[in-house]
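Here's the structure, in structure tokens; my notes come after.
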Amino acid sequence: GIQVEQSPPDLILQEGANSTLRCNFSDSVNNLQWFHQNPWGQLINLFYIPSGTKQNGRLSATTVATERYSLLYISSSQTTDSGVYFCAVVRGSGSRLTFGEGTQLTVNP
Amino acid sequence: NAGVTQTPKFQVLKTGQSMTLQCAQDMNHNSMYWYRQDPGMGLRLIYYSASEGTTDKGEVPNGYNVSRLNKREFSLRLESAAPSQTSVYFCASSRTGGKNTEAFFGQGTRLTVV
């Protein structure tokens with residue numbers, strides 16, 4: 001099956017700092033999503049981004065499908081950004097997501 | 001708009017007991033999924049249903065059964081719970097194929113088997 005690797009596994013920031021999270025995948029994909037899992041365990045949709053660039057407030061994402069990676073940018077981080085960020089992809093037909101192991105982000109005040 | 005709703009939110013079972021996790025979605029999606037998340041890991045697919053009346057195994061199906069009751073509802077059953085099934089279970093739904101297959105998740109069920 002497809003492999004999804006996220007880096008770094010852990011990231012600690014001071015409030016106000018910027019960060020970049022990376023997702024590499026081993027095969028071509030039809031769908032890529034970024035999720036934020038908050039400290040209460042809820043999975044929040046951030047981006048549906050099989051290719052191109054999208055922005056939503058302080059967050060933006062870029063997927064370069066031909067080079068098999070996606071980046072999630074967080075600018076001016078806040079303590080509420082803490083949690084785990086997951087990348088998940090769909091390969092081939094259908095819609096089943098395969099998840100990476102996540103990046104644990106801690107933003108300190 | 002509720003999205004994806006799971007019940008219960010928490011459950012403690014004794015080894016060997018059975019239970020059914022319920023999931024319902026109101027987005028008119030054809031596809032529904034059950035995932036499990038173990039500590040420090042990503043989500044792994046247990047079973048999925050691409051349409052009403054069809055179900056297929058995912059990555060970790062052993063010890064589970066599913067029922068796609070209708071288009072809205074997809075249940076997950078543990079016939080004889082084992083401590084290895086202690087996990088957080090997530091239900092999700094999406095369109096099947098096409099241009100936008102964005103998946104949406106329920107709030108999760110935290111299951112402990114003692």
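In the structure tokens, the first chain shown is A, the next is B, and so on; residue numbers restart at 1 for each chain, and ligands run from 1 in the order shown.
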Using only C-alpha atoms, find the residues of chain A whose closest atom to chain B is at most 10 Å away, then write them as a compact mmCIF listing (two decimals) with C-alpha atoms, in the first residue's frame.
# COMPACT_ATOMS: atom_id res chain seq x y z
CA GLY A 1 0.00 0.00 0.00
CA ASN A 30 -6.14 11.54 -6.04
CA ASN A 31 -6.85 13.26 -2.76
CA LEU A 32 -4.85 14.74 0.09
CA GLN A 33 -6.21 16.18 3.29
CA PHE A 35 -6.31 17.53 9.69
CA TRP A 40 -9.65 16.80 23.11
CA GLY A 41 -9.16 14.30 20.31
CA GLN A 42 -11.41 15.97 17.75
CA LEU A 43 -10.31 15.76 14.09
CA ILE A 44 -10.75 19.08 12.34
CA ASN A 45 -10.55 19.42 8.57
CA PHE A 47 -7.46 21.52 3.83
CA TYR A 48 -8.61 19.31 1.00
CA ILE A 49 -5.69 19.82 -1.38
CA PRO A 50 -4.84 17.15 -4.00
CA VAL A 84 -1.39 16.69 16.24
CA TYR A 85 -1.42 17.49 12.53
CA PHE A 86 -2.21 14.60 10.19
CA CYS A 87 -1.76 14.26 6.49
CA ALA A 88 -3.94 11.64 4.76
CA VAL A 90 -6.27 8.60 -1.27
CA GLY A 92 -6.35 5.23 -7.00
CA SER A 93 -10.12 5.03 -7.38
CA GLY A 94 -12.38 5.19 -4.39
CA SER A 95 -11.97 7.41 -1.40
CA ARG A 96 -10.25 5.50 1.42
CA LEU A 97 -7.78 7.67 3.32
CA THR A 98 -4.35 6.42 4.41
CA PHE A 99 -2.93 8.45 7.29
CA GLY A 100 0.58 9.45 8.22
CA GLU A 101 1.66 9.18 11.85
CA GLY A 102 1.29 12.88 12.46
CA THR A 103 3.33 15.84 13.73
CA GLN A 104 2.84 16.68 17.41
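The residues of stretch 65-97 of chain A that DSSP assigns to strand (DSSP E or B) on this backbone come out as Tyr69, Ser70, Leu71, Leu72, Tyr73, Ile74, Gly83, Val84, Tyr85, Phe86, Cys87, Ala88, Val89 and Val90 of chain A.
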Only N, CA and C atoms, please: the residues just picked out, written as a short mmCIF file (atom, residue, chain, number, x, y, z; two decimals), in the first residue's frame.
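Saved to part_12.cif:
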data_model
loop_
_atom_site.label_atom_id
_atom_site.label_comp_id
_atom_site.auth_asym_id
_atom_site.auth_seq_id
_atom_site.Cartn_x
_atom_site.Cartn_y
_atom_site.Cartn_z
N TYR A 69 4.73 15.37 -2.52
CA TYR A 69 4.80 15.93 -1.18
C TYR A 69 3.81 17.06 -1.02
N SER A 70 3.50 17.34 0.25
CA SER A 70 2.65 18.46 0.61
C SER A 70 3.24 19.15 1.82
N LEU A 71 3.03 20.46 1.90
CA LEU A 71 3.53 21.26 3.01
C LEU A 71 2.38 22.02 3.65
N LEU A 72 2.40 22.08 4.97
CA LEU A 72 1.44 22.87 5.73
C LEU A 72 2.21 23.96 6.45
N TYR A 73 1.84 25.22 6.20
CA TYR A 73 2.50 26.36 6.83
C TYR A 73 1.58 26.93 7.91
N ILE A 74 2.17 27.17 9.07
CA ILE A 74 1.44 27.84 10.15
C ILE A 74 2.21 29.11 10.48
N GLY A 83 -1.48 20.52 19.20
CA GLY A 83 -2.20 19.29 18.86
C GLY A 83 -1.39 18.49 17.86
N VAL A 84 -2.05 17.53 17.23
CA VAL A 84 -1.39 16.69 16.24
C VAL A 84 -1.94 17.03 14.86
N TYR A 85 -1.04 17.20 13.91
CA TYR A 85 -1.42 17.49 12.53
C TYR A 85 -1.20 16.24 11.68
N PHE A 86 -2.27 15.80 11.03
CA PHE A 86 -2.21 14.60 10.19
C PHE A 86 -2.37 14.97 8.73
N CYS A 87 -1.60 14.27 7.92
CA CYS A 87 -1.76 14.26 6.49
C CYS A 87 -2.38 12.91 6.13
N ALA A 88 -3.31 12.90 5.18
CA ALA A 88 -3.94 11.64 4.76
C ALA A 88 -4.18 11.70 3.26
N VAL A 89 -3.99 10.58 2.59
CA VAL A 89 -4.07 10.56 1.12
C VAL A 89 -4.99 9.46 0.64
N VAL A 90 -5.49 9.62 -0.58
CA VAL A 90 -6.27 8.60 -1.27
C VAL A 90 -5.52 8.24 -2.54
#
Need to verify the contact set: stretch 62-72 of chain B, 8 Å, only C-alpha atoms, exclusion of same-chain residues closer than 3 positions in sequence. Can you return it as a PyMOL selection string?
chain B and resi 24-26+28-30+46-47+49+51-55+75-81
Using only C-alpha atoms for the distances, tell me which of A:Ser7, A:Thr63, A:Thr106, A:Ser75 is nearest to A:Ser19.
A:Ser75
